[in-house]
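**Student:** Quick one: this structure, given as structure tokens, is what I'll be asking you about.
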Amino acid sequence: MRKSKKKLTLLFIFSLFAINLFGSDGTGINILEKVTSNSRSIDMIWVLIAAFLVFFMQAGFGMLEAGLTRAKNAGNILMKNTMDFTIGSLAFWAIGFGIMFGTDKLGLFGTSGFFLSNANPTSSSGLWTYVFWLFQAMFAAAAASIVAGAVAERTKFTSYLLYSLIISMIIYPISGHWIWGGGWLSKLGFIDFAGSTAVHTVGGIASLVGAIFLGPRLGKYDSYGKPKMLAGHNMPLASLGLFILWFGWFGFNAGSTLSGLNKGLGLIAVNTNLSAAAGAVVSMMLIWIIYKKPDLSMTINGALAGLVAVTAPSASISPASAVIIGTIAGILVVLAIEFIDKILKIDDPVGAVAVHGINGIWGTLAVGLFAQAKYGQATGAGAVNGLFFGGGLHQFKIQLLGSLSVVVWVVLATIILFGTIKKTIGLRVSREEELKGLDLGEHGLESYSGFQILN
Amino acid sequence: MRKSKKKLTLLFIFSLFAINLFGSDGTGINILEKVTSNSRSIDMIWVLIAAFLVFFMQAGFGMLEAGLTRAKNAGNILMKNTMDFTIGSLAFWAIGFGIMFGTDKLGLFGTSGFFLSNANPTSSSGLWTYVFWLFQAMFAAAAASIVAGAVAERTKFTSYLLYSLIISMIIYPISGHWIWGGGWLSKLGFIDFAGSTAVHTVGGIASLVGAIFLGPRLGKYDSYGKPKMLAGHNMPLASLGLFILWFGWFGFNAGSTLSGLNKGLGLIAVNTNLSAAAGAVVSMMLIWIIYKKPDLSMTINGALAGLVAVTAPSASISPASAVIIGTIAGILVVLAIEFIDKILKIDDPVGAVAVHGINGIWGTLAVGLFAQAKYGQATGAGAVNGLFFGGGLHQFKIQLLGSLSVVVWVVLATIILFGTIKKTIGLRVSREEELKGLDLGEHGLESYSGFQILN
Amino acid sequence: MRKSKKKLTLLFIFSLFAINLFGSDGTGINILEKVTSNSRSIDMIWVLIAAFLVFFMQAGFGMLEAGLTRAKNAGNILMKNTMDFTIGSLAFWAIGFGIMFGTDKLGLFGTSGFFLSNANPTSSSGLWTYVFWLFQAMFAAAAASIVAGAVAERTKFTSYLLYSLIISMIIYPISGHWIWGGGWLSKLGFIDFAGSTAVHTVGGIASLVGAIFLGPRLGKYDSYGKPKMLAGHNMPLASLGLFILWFGWFGFNAGSTLSGLNKGLGLIAVNTNLSAAAGAVVSMMLIWIIYKKPDLSMTINGALAGLVAVTAPSASISPASAVIIGTIAGILVVLAIEFIDKILKIDDPVGAVAVHGINGIWGTLAVGLFAQAKYGQATGAGAVNGLFFGGGLHQFKIQLLGSLSVVVWVVLATIILFGTIKKTIGLRVSREEELKGLDLGEHGLESYSGFQILN
């Protein structure tokens, strides 16, 4: 018996030793720790790379907006583009991030984390906050950039800086808090995976209000109210803009998993691609039927409409549904641009309201129609079935409520914002400056020095 | 003895407990599962990011092709570029992917997986299919895009849409199946790591047939048959196109491992870079010697030739071999462009046949010459030695057979394709439209509205 | 007892079996090996993707430099851009990498690893060398590209090729060895995380010497020595250049961890972004105050100055410090450009000396002022406190010494380099060619064929 005991003890020690040997890599680091650290690194590099891609969308917005407007305002729009990103980055660091993701107050806004005060370099979660901030800052900047196109070619530079600051710092973060920051909409089960509402509806509706407050560009409508086409000056730039935006959108949507370990990354990227493709093809065909010519700028807007519309549902739907959503987006964007331009007589030089506003709403509602639990489970977007897949109207109503609430919020906030600016420093450049071009008037530069430019 | 038994049982239980303790992270998830899941995620994010990079090559093709052609056709070529990607994406989703990667039939084509029916969100392999599809769809689009340059400035838009659809949906997937989809060439041991044959030869040979069917642009050859240079309108765009393509090519080649765990990723990227560099330098020097001036567009084509040529062998060769392959590619592309332009009198505005066709073949054969087993083992491309490294002619013959078969297939298929289109709806725009420019004729747009354009 | 022994033996075997079962995945591969392999893959894909992003900066430099100079020289600058990268890649492969990272000789230069001879496909470390080489080659090319802007519009193409070769092959690698290759500065504890000194000061100071040797462009200074503005020809291109550079800079800085497992990747990216944003905003405001108009090219330079300045300290400082460093960079770049242009009367067309030289020095010194141990610990940049955080002047002195030494080295080396070229083949194109444009003179091309260009 004693011998047996000894042996048992030996075996026990051996067993512990074996496990210990196995459980460490010889340097005393536990294997589980290494595995967890690998997982954390996968998340980190995925979300960072996605953030870089979303950053690059700024170049896309810039090229698109500059390309679709006139040469005499190209420098101005790129200057605005640069400034809304840079001022927006600083504002989102100081204030916006805290309002959007800080400790929730009444479901309405956050109250902590200003100046990245909740980040720190000594803990995993503190280090993650930097990654998360970068990704979110890029989204805030995108929302502000959307507006630049709608108010192009006539907005005072100072006024632009001011409203763009307020959007990045306050307006976007507040509705963003409702949706992604633990606010009331997120508690209701509102699904806006990558921001059809949070980013695009906000940007698109602010565009609408801005364009109304500004009024149309000189020469846009003749004395009978008939719209005139003020052609964009550089279609290769605009095309490049589309491709850069599409490229960045893979980061926008698939990065919104906030995790490289997410098993549905591929599905999200495929849906993104197919909806954009369908949007482009359908817009082209529709405009071809209406105007007898397949127009490039409308095709570009069709692809963008598909991208905007699939942004909310991308993680909850099948690829076939993505094609349908993109198809409808491609039709909607053409009709909406025509309606806004010809019936409402609102001058939106690049179609930002139709692309981001209307299709932001459409994409948000589409979640309530096309969501399938098995897709949402794979991506973590939520096990929800939409109306067409046996889920009834439950989710659709939430989506409708969320979309409407954000529209109302942005309409009210931007009416105050643009109204105040208009009453005080003024929104619009002088008639003379507008005719001469904002490049010369606002910045004293020619964007294409040496080229013979006719208008 | 009973006591001993009890102790043994206790130890046994303890042992299991210890292992379980160690083997799970306390939430019941086995550590091995986490490790495997990490590995899967590494693969997924690598291939997705590579797919995004390959997507971005569309912008590269667009800028390159637009830049190297005339201003009056810039919008048209970008429209084509947008449409071949979008229509191609949908066609590859519906049909192409199934033909290329579906269940093999006689080694010739696949027969399942249409509309992504073999993907699903509930299994790891089903989720992987989305990732794999995205990567492959980008490749299909690249093949179609290559042709756009060769047929630029004179092809009817409708005809373009049609042939580009057929290439993405049928022609490319069939030879793709032979090479990558388990078809007869893959069974023979044909090595085309990232697609010198599957993508570039297909695109380049379709370019050749298309350019022959179309005939030269008006004014390209004078009445004595002497070629005239129809200069590209925007060299900065063309340069940007090169850099975007090169950037994307890192994803094209290193992503073709289809795994982020592949140990040879760095080798592949280094080979890609060095071959491109050598191609550019050598093309520049050669053209400098011939024409007394170092020409930018030829240098761009030299870099692209190096990239195309290294695409097949990139995972099987040493960096020194990559430099040699790029050097030869740089010479070949200059000679081939001259030969096609001056001797064959085929008008290929951007040099697509020489860059993608000739160098696609050269790169494919180069595997049979320069492959070294130790490199192919590190990357998983296959433990093959080429002629120069003791492997004899065995692999070279397979490469030659593969390359020839694909050339024959594409020649036959595109003769039928372009021939049928020519006989029915017609391939070419009217003389009047060609002179005026396809931007106005096909799309009713000016790409550079406001600029004084002379031709 | 015998039975007990048997059972013990059985248990022992079971125990081993259980551990083995657990410790392998059934194919005999140890779990620890898989975890380590995952870690290695995370490092590899991170550094490769970062290298791709840094590669893409070549497009950024090209677009920026072309956009900020005149149309008649656009093709020339893009040709130079293409060639410094391609020739530089080959030179860095053959010689530069060995000098920079080979076995240290006296702390001054490396002596092994030429032609990637220290890489091999059969070991992990050999395979890592490819990854490391690619990342470093992109850095070497960046240093050479910086100079292109300062010597734009007047440098002979042949001379350009020559000096750019020498910079990539010898000058950059030698000081690079001091800093990153185990040379004397690295032994002193000099901190230049991502290359404010190693890349930007080297490029910026070489720019200064080059611009002095060349003299100003014709028409830059009137007979009274008053500088004239020779406006850039394409501001959208220049803006695109900024965005591409910024995008690539995330790889430049966060990739300089050389590891995807680094826990501070997010911090580095955030610092990079905030410093750039602050630089842009402050430069814009300052130039607005001085010239009454917010200038786009100066804003672009402000953002770049912020990026250059944060490159060395990005892994050692808080985001608030990054904002301060960027703010000072934004002021410095405006003052330095004015000083160089108006007081020193050195013609630097794109402001490369101020952006890369002055701010490279500023960023390097900033480490000695703003470093905080807790940040440097998180990123592995070193547990150092700067002057403002209780560390006294210790680190500042090292930074000053390092920065000065590299300035002296580059000044001496490039005086010899540019001096020799000037004395032999000549540095500058003829007066006639300069007036006509280098595109025609050096390359026989028009960058914008068909456009009416006035100067």
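Each chain in the structure tokens gets a letter, A, B, ..., in the order shown, and its residues are numbered from 1; ligands are numbered from 1 in order too.
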Hey, which bits of chain C sit within 6 Å of chain A, and for each residue what's the closest pair of atoms and how far apart in Å (one decimal), counting only C-alpha atoms, rows by chain and increasing number, as JSON lines?
**Tutor:**
{"residue": "C:His233", "atom": "CA", "partner": "A:Ser449", "partner_atom": "CA", "distance": 4.5}
{"residue": "C:Asn234", "atom": "CA", "partner": "A:Tyr448", "partner_atom": "CA", "distance": 4.9}
{"residue": "C:Met235", "atom": "CA", "partner": "A:Ser447", "partner_atom": "CA", "distance": 4.8}
{"residue": "C:Phe243", "atom": "CA", "partner": "A:Ala59", "partner_atom": "CA", "distance": 5.7}
{"residue": "C:Leu261", "atom": "CA", "partner": "A:Ser41", "partner_atom": "CA", "distance": 5.4}
{"residue": "C:Gly266", "atom": "CA", "partner": "A:Val131", "partner_atom": "CA", "distance": 4.4}
{"residue": "C:Leu267", "atom": "CA", "partner": "A:Tyr130", "partner_atom": "CA", "distance": 5.4}
{"residue": "C:Ala277", "atom": "CA", "partner": "A:Thr86", "partner_atom": "CA", "distance": 4.3}
{"residue": "C:Lys293", "atom": "CA", "partner": "A:His443", "partner_atom": "CA", "distance": 5.1}
{"residue": "C:Pro294", "atom": "CA", "partner": "A:His443", "partner_atom": "CA", "distance": 5.4}
{"residue": "C:Asp295", "atom": "CA", "partner": "A:His443", "partner_atom": "CA", "distance": 5.4}
{"residue": "C:Leu296", "atom": "CA", "partner": "A:Met79", "partner_atom": "CA", "distance": 5.9}
{"residue": "C:Tyr375", "atom": "CA", "partner": "A:Pro121", "partner_atom": "CA", "distance": 5.7}
{"residue": "C:Ala378", "atom": "CA", "partner": "A:Pro121", "partner_atom": "CA", "distance": 5.8}
{"residue": "C:Gln452", "atom": "CA", "partner": "A:Gln452", "partner_atom": "CA", "distance": 5.6}
{"residue": "C:Ile453", "atom": "CA", "partner": "A:Phe451", "partner_atom": "CA", "distance": 4.6}
{"residue": "C:Leu454", "atom": "CA", "partner": "A:Gly450", "partner_atom": "CA", "distance": 4.8}
{"residue": "C:Asn455", "atom": "CA", "partner": "A:Gly450", "partner_atom": "CA", "distance": 5.3}
**Student:** Please, could you write that set of residues out with N, CA, C and O atoms as a JSON list (two decimals), in the first residue's frame?
**Tutor:**
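Output file again_29.json follows:
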[["chain", "number", "residue", "atom", "x", "y", "z"],
["C", 233, "HIS", "N", -0.49, 72.60, -61.22],
["C", 233, "HIS", "CA", -1.46, 72.56, -62.32],
["C", 233, "HIS", "C", -2.69, 71.71, -62.05],
["C", 233, "HIS", "O", -3.61, 71.70, -62.85],
["C", 234, "ASN", "N", -2.70, 70.99, -60.95],
["C", 234, "ASN", "CA", -3.82, 70.06, -60.78],
["C", 234, "ASN", "C", -4.05, 69.79, -59.30],
["C", 234, "ASN", "O", -3.53, 68.84, -58.72],
["C", 235, "MET", "N", -4.87, 70.65, -58.68],
["C", 235, "MET", "CA", -5.07, 70.53, -57.24],
["C", 235, "MET", "C", -5.84, 69.28, -56.84],
["C", 235, "MET", "O", -5.56, 68.71, -55.77],
["C", 243, "PHE", "N", -4.33, 62.32, -49.60],
["C", 243, "PHE", "CA", -5.13, 61.25, -49.00],
["C", 243, "PHE", "C", -4.46, 59.90, -49.15],
["C", 243, "PHE", "O", -4.51, 59.06, -48.25],
["C", 261, "LEU", "N", 1.07, 41.46, -33.49],
["C", 261, "LEU", "CA", 0.72, 41.10, -32.11],
["C", 261, "LEU", "C", 0.94, 42.26, -31.16],
["C", 261, "LEU", "O", 0.53, 42.21, -30.00],
["C", 266, "GLY", "N", -3.31, 50.35, -32.21],
["C", 266, "GLY", "CA", -4.38, 51.35, -32.28],
["C", 266, "GLY", "C", -3.89, 52.72, -31.83],
["C", 266, "GLY", "O", -4.17, 53.74, -32.46],
["C", 267, "LEU", "N", -3.14, 52.74, -30.74],
["C", 267, "LEU", "CA", -2.58, 54.00, -30.24],
["C", 267, "LEU", "C", -1.75, 54.69, -31.31],
["C", 267, "LEU", "O", -1.88, 55.90, -31.54],
["C", 277, "ALA", "N", -4.24, 65.70, -38.50],
["C", 277, "ALA", "CA", -5.41, 66.58, -38.46],
["C", 277, "ALA", "C", -5.03, 67.94, -37.88],
["C", 277, "ALA", "O", -5.38, 68.99, -38.43],
["C", 293, "LYS", "N", -6.42, 84.27, -47.01],
["C", 293, "LYS", "CA", -7.14, 83.21, -47.71],
["C", 293, "LYS", "C", -6.61, 81.86, -47.20],
["C", 293, "LYS", "O", -5.40, 81.69, -47.09],
["C", 294, "PRO", "N", -7.52, 80.91, -46.94],
["C", 294, "PRO", "CA", -7.05, 79.56, -46.57],
["C", 294, "PRO", "C", -6.60, 78.83, -47.84],
["C", 294, "PRO", "O", -7.41, 78.54, -48.71],
["C", 295, "ASP", "N", -5.33, 78.53, -47.91],
["C", 295, "ASP", "CA", -4.75, 77.97, -49.12],
["C", 295, "ASP", "C", -4.72, 76.45, -49.06],
["C", 295, "ASP", "O", -4.33, 75.86, -48.05],
["C", 296, "LEU", "N", -5.11, 75.81, -50.16],
["C", 296, "LEU", "CA", -5.19, 74.35, -50.17],
["C", 296, "LEU", "C", -3.82, 73.69, -50.12],
["C", 296, "LEU", "O", -3.60, 72.74, -49.35],
["C", 375, "TYR", "N", 3.27, 54.63, -22.61],
["C", 375, "TYR", "CA", 2.92, 54.44, -24.01],
["C", 375, "TYR", "C", 3.99, 53.62, -24.74],
["C", 375, "TYR", "O", 3.68, 52.70, -25.49],
["C", 378, "ALA", "N", 3.66, 50.00, -23.99],
["C", 378, "ALA", "CA", 2.56, 49.31, -24.67],
["C", 378, "ALA", "C", 2.92, 48.96, -26.11],
["C", 378, "ALA", "O", 2.48, 47.95, -26.64],
["C", 452, "GLN", "N", -5.81, 72.19, -74.19],
["C", 452, "GLN", "CA", -5.18, 73.48, -74.43],
["C", 452, "GLN", "C", -4.46, 73.89, -73.14],
["C", 452, "GLN", "O", -5.12, 74.12, -72.11],
["C", 453, "ILE", "N", -3.16, 73.92, -73.19],
["C", 453, "ILE", "CA", -2.38, 74.28, -72.00],
["C", 453, "ILE", "C", -1.69, 75.61, -72.27],
["C", 453, "ILE", "O", -1.13, 75.82, -73.34],
["C", 454, "LEU", "N", -1.74, 76.51, -71.29],
["C", 454, "LEU", "CA", -1.25, 77.86, -71.54],
["C", 454, "LEU", "C", 0.20, 78.08, -71.13],
["C", 454, "LEU", "O", 0.87, 78.94, -71.68],
["C", 455, "ASN", "N", 0.67, 77.36, -70.11],
["C", 455, "ASN", "CA", 2.07, 77.61, -69.75],
["C", 455, "ASN", "C", 2.86, 76.31, -69.68],
["C", 455, "ASN", "O", 2.27, 75.24, -69.76]]
**Student:** What's around Trp246 (chain C) at 8 Å? Count only C-alpha atoms, leave out sequence neighbours fewer than 3 positions away in its own chain, and write the answer as a PyMOL selection string.
**Tutor:** chain C and resi 242-243+249-250+304+307
**Student:** Print the selection's residues with C-alpha atoms to a file, as a tab-separated table (two decimals), in the first residue's frame.
**Tutor:**
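Written file, again.tsv:
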chain	number	residue	atom	x	y	z
C	242	LEU	CA	-2.37	63.76	-49.67
C	243	PHE	CA	-5.13	61.25	-49.00
C	249	TRP	CA	1.06	56.42	-43.42
C	250	PHE	CA	-1.10	54.23	-41.22
C	304	LEU	CA	1.94	66.12	-44.21
C	307	LEU	CA	2.37	63.11	-40.34
**Student:** So these two share a sequence; what Cα RMSD do you get laying chain A over chain C, all Cα, in order, least squares?
**Tutor:**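 C-alpha RMSD, chain A fitted to chain C: 0.4 Å.
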**Student:** Check the DSSP output for the backbone and give back, as a ChimeraX atom specification, the residues of region 294-428 of chain C in alpha helix (DSSP H).
**Tutor:** /C:296-311,319-338,352,359-370,373-379,394-423
**Student:** Extract, using only C-alpha atoms, all DNA, RNA and protein residues at most 9 Å from Leu417 (chain C), discarding same-chain residues fewer than 5 positions from it, and format them as a tab-separated table (two decimals) with C-alpha atoms, in the first residue's frame.
**Tutor:**
chain	number	residue	atom	x	y	z
C	163	TYR	CA	21.37	60.30	-57.53
C	166	ILE	CA	22.85	56.30	-54.77
C	412	LEU	CA	28.11	65.71	-46.64
C	422	LYS	CA	26.97	68.59	-61.53
**Student:** Just asking: which residues within region 36-200 of chain A are strand (DSSP E or B) according to DSSP, as a PyMOL selection string?
**Tutor:** chain A and resi 104-105+109-110+155
**Student:** Would you save the residues from that selection as a CSV table (one decimal), in the first residue's frame, using N, CA and C atoms?
**Tutor:**
chain,number,residue,atom,x,y,z
A,104,ASP,N,-24.2,56.2,-20.8
A,104,ASP,CA,-25.5,56.6,-21.3
A,104,ASP,C,-26.3,57.4,-20.3
A,105,LYS,N,-26.9,58.5,-20.8
A,105,LYS,CA,-27.8,59.3,-20.0
A,105,LYS,C,-29.2,59.3,-20.6
A,109,PHE,N,-27.8,60.4,-24.8
A,109,PHE,CA,-26.5,60.8,-25.2
A,109,PHE,C,-25.5,60.2,-24.1
A,110,GLY,N,-24.2,60.2,-24.5
A,110,GLY,CA,-23.2,59.7,-23.6
A,110,GLY,C,-22.5,60.9,-22.9
A,155,THR,N,-21.4,77.4,-51.1
A,155,THR,CA,-21.4,77.6,-49.7
A,155,THR,C,-20.1,78.3,-49.2
**Student:** Give me, as a ChimeraX atom specification, all polymer residues having an atom no more than 6 Å from region 385-396 of chain B, counting only C-alpha atoms and skipping those fewer than 5 positions away in the same chain.
**Tutor:** /B:368-373
**Student:** Using only C-alpha atoms, which residues of region 227-334 of chain A come within 9 Å of region 210-222 of chain A, and what is the closest atom pair for each, with the distance in Å to one decimal? Give it as CSV, sorted by chain and residue number.
**Tutor:**
residue,atom,partner,partner_atom,distance
A:Pro227,CA,A:Tyr221,CA,4.4
A:Lys228,CA,A:Lys220,CA,5.1
A:Met229,CA,A:Lys220,CA,7.0
A:Leu230,CA,A:Lys220,CA,6.8
